[in-house]
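target18.cif follows; it contains mmCIF, C-alpha atoms.
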```
data_entry
#
loop_
_atom_site.group_PDB
_atom_site.id
_atom_site.type_symbol
_atom_site.label_atom_id
_atom_site.label_comp_id
_atom_site.auth_asym_id
_atom_site.auth_seq_id
_atom_site.Cartn_x
_atom_site.Cartn_y
_atom_site.Cartn_z
ATOM 1 C CA MET A 1 0.000 0.000 0.000
ATOM 2 C CA LYS A 2 2.784 2.463 0.897
ATOM 3 C CA GLU A 3 4.632 1.676 -2.344
ATOM 4 C CA ARG A 4 1.515 2.505 -4.359
ATOM 5 C CA ASN A 5 1.165 5.814 -2.506
ATOM 6 C CA LEU A 6 4.821 6.646 -3.203
ATOM 7 C CA ILE A 7 4.348 5.986 -6.902
ATOM 8 C CA LEU A 8 1.157 8.056 -6.966
ATOM 9 C CA ASN A 9 2.812 10.877 -5.016
ATOM 10 C CA LYS A 10 5.791 10.874 -7.398
ATOM 11 C CA LYS A 11 3.465 11.009 -10.403
ATOM 12 C CA ILE A 12 1.451 13.889 -8.941
ATOM 13 C CA ILE A 13 4.609 15.835 -8.114
ATOM 14 C CA THR A 14 6.187 15.174 -11.514
ATOM 15 C CA GLU A 15 3.089 16.217 -13.455
ATOM 16 C CA THR A 16 2.629 19.329 -11.320
ATOM 17 C CA VAL A 17 6.247 20.395 -11.808
ATOM 18 C CA GLU A 18 6.042 19.811 -15.569
ATOM 19 C CA THR A 19 2.859 21.878 -15.777
ATOM 20 C CA ILE A 20 4.431 24.722 -13.784
ATOM 21 C CA ILE A 21 7.558 24.708 -15.971
ATOM 22 C CA ASP A 22 5.454 24.758 -19.148
ATOM 23 C CA SER A 23 3.479 27.676 -17.756
ATOM 24 C CA ILE A 24 6.673 29.554 -16.856
ATOM 25 C CA TYR A 25 7.969 29.072 -20.414
ATOM 26 C CA GLU A 26 4.710 30.407 -21.863
ATOM 27 C CA LYS A 27 4.560 33.384 -19.504
ATOM 28 C CA THR A 28 8.241 34.193 -20.012
ATOM 29 C CA GLU A 29 7.779 34.300 -23.788
ATOM 30 C CA TYR A 30 4.630 36.383 -23.388
ATOM 31 C CA TYR A 31 6.308 38.938 -21.120
ATOM 32 C CA MET A 32 9.429 39.070 -23.304
ATOM 33 C CA LEU A 33 7.294 40.038 -26.295
ATOM 34 C CA GLU A 34 4.903 42.187 -24.290
ATOM 35 C CA ASN A 35 7.784 44.248 -22.874
ATOM 36 C CA GLY A 36 9.456 45.002 -26.170
ATOM 37 C CA TYR A 37 11.855 42.107 -26.688
ATOM 38 C CA ASP A 38 13.518 42.495 -30.075
ATOM 39 C CA VAL A 39 11.706 39.883 -32.155
ATOM 40 C CA SER A 40 13.996 40.467 -35.117
ATOM 41 C CA LYS A 41 16.692 38.404 -33.365
ATOM 42 C CA MET A 42 17.411 34.955 -34.716
ATOM 43 C CA GLU A 43 15.228 32.182 -33.321
ATOM 44 C CA SER A 44 18.193 30.478 -31.635
ATOM 45 C CA GLU A 45 19.094 33.735 -29.877
ATOM 46 C CA PHE A 46 15.505 34.135 -28.708
ATOM 47 C CA PHE A 47 15.547 30.661 -27.168
ATOM 48 C CA GLU A 48 18.931 31.294 -25.544
ATOM 49 C CA ASP A 49 17.619 34.518 -24.011
ATOM 50 C CA ARG A 50 14.447 32.757 -22.889
ATOM 51 C CA GLU A 51 16.564 30.102 -21.144
ATOM 52 C CA GLU A 52 18.490 32.821 -19.309
ATOM 53 C CA TYR A 53 15.220 34.377 -18.184
ATOM 54 C CA MET A 54 13.951 30.958 -17.116
ATOM 55 C CA ILE A 55 17.021 30.395 -14.942
ATOM 56 C CA GLU A 56 16.532 33.775 -13.287
ATOM 57 C CA VAL A 57 12.806 33.150 -12.750
ATOM 58 C CA ILE A 58 13.503 29.785 -11.132
ATOM 59 C CA LYS A 59 16.188 31.333 -8.915
ATOM 60 C CA GLU A 60 13.732 34.021 -7.820
ATOM 61 C CA LEU A 61 11.044 31.415 -7.110
ATOM 62 C CA ASN A 62 13.524 29.451 -5.048
ATOM 63 C CA ASN A 63 14.483 32.577 -3.077
ATOM 64 C CA ARG A 64 10.850 33.380 -2.343
ATOM 65 C CA ILE A 65 10.066 29.847 -1.212
ATOM 66 C CA LYS A 66 12.940 29.759 1.298
#
```

Would you mind writing the file's structure down as structure tokens?
Amino acid sequence: MKERNLILNKKIITETVETIIDSIYEKTEYYMLENGYDVSKMESEFFEDREEYMIEVIKELNNRIK
């Protein structure tokens, strides 16, 4: 019974984290464009910049949770 609960708990946590990360990606892109991000940059540069923003967002979330 405990093993089943551990598996269920892991699945719930994993799916929740994946959903939150997807949402952060979407919101980060939205706010980048909404706040005047230069969309004429190459696609690869856009994704690199988005990754940098993602790292900073996750750091800030971590700081606020502590």

- Message: I want to know what sits within 12 Å of Glu56 (chain A), based on all atoms listed in the file, with residues of the same chain fewer than 6 positions away left out; could you give that as a PyMOL selection string?
- Response: chain A and resi 24+28+49-50+62-63

- Task: Output the residue selection produced by the PyMOL selection byres ((chain A and resi 57) around 12) on the file above, formatted as a PyMOL selection string.
- Result: chain A and resi 20-21+23-25+27-28+50-56+58-64

For region 40-54 of chain A, I'd like the enclosing box, axis-aligned and padded by 6 Å on every side, reported as AutoDock Vina command-line options with centre and edge lengths in Å to one decimal.
```
--center_x 16.5 --center_y 35.3 --center_z -26.1 --size_x 17.1 --size_y 22.4 --size_z 30.0
```

- Separation of CA of Ile65 (chain A) and CA of Lys10 (chain A), in Å?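 That distance, rounded to one decimal, is 20.4 Å.
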
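Note that the spacing between CA of Arg4 (chain A) and CA of Thr19 (chain A) amounts to 22.5 Å.
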
- Item | Pairwise distance for CA of Glu29 (chain A) and CA of Lys11 (chain A), rounded to one decimal in Å | 27.2 Å
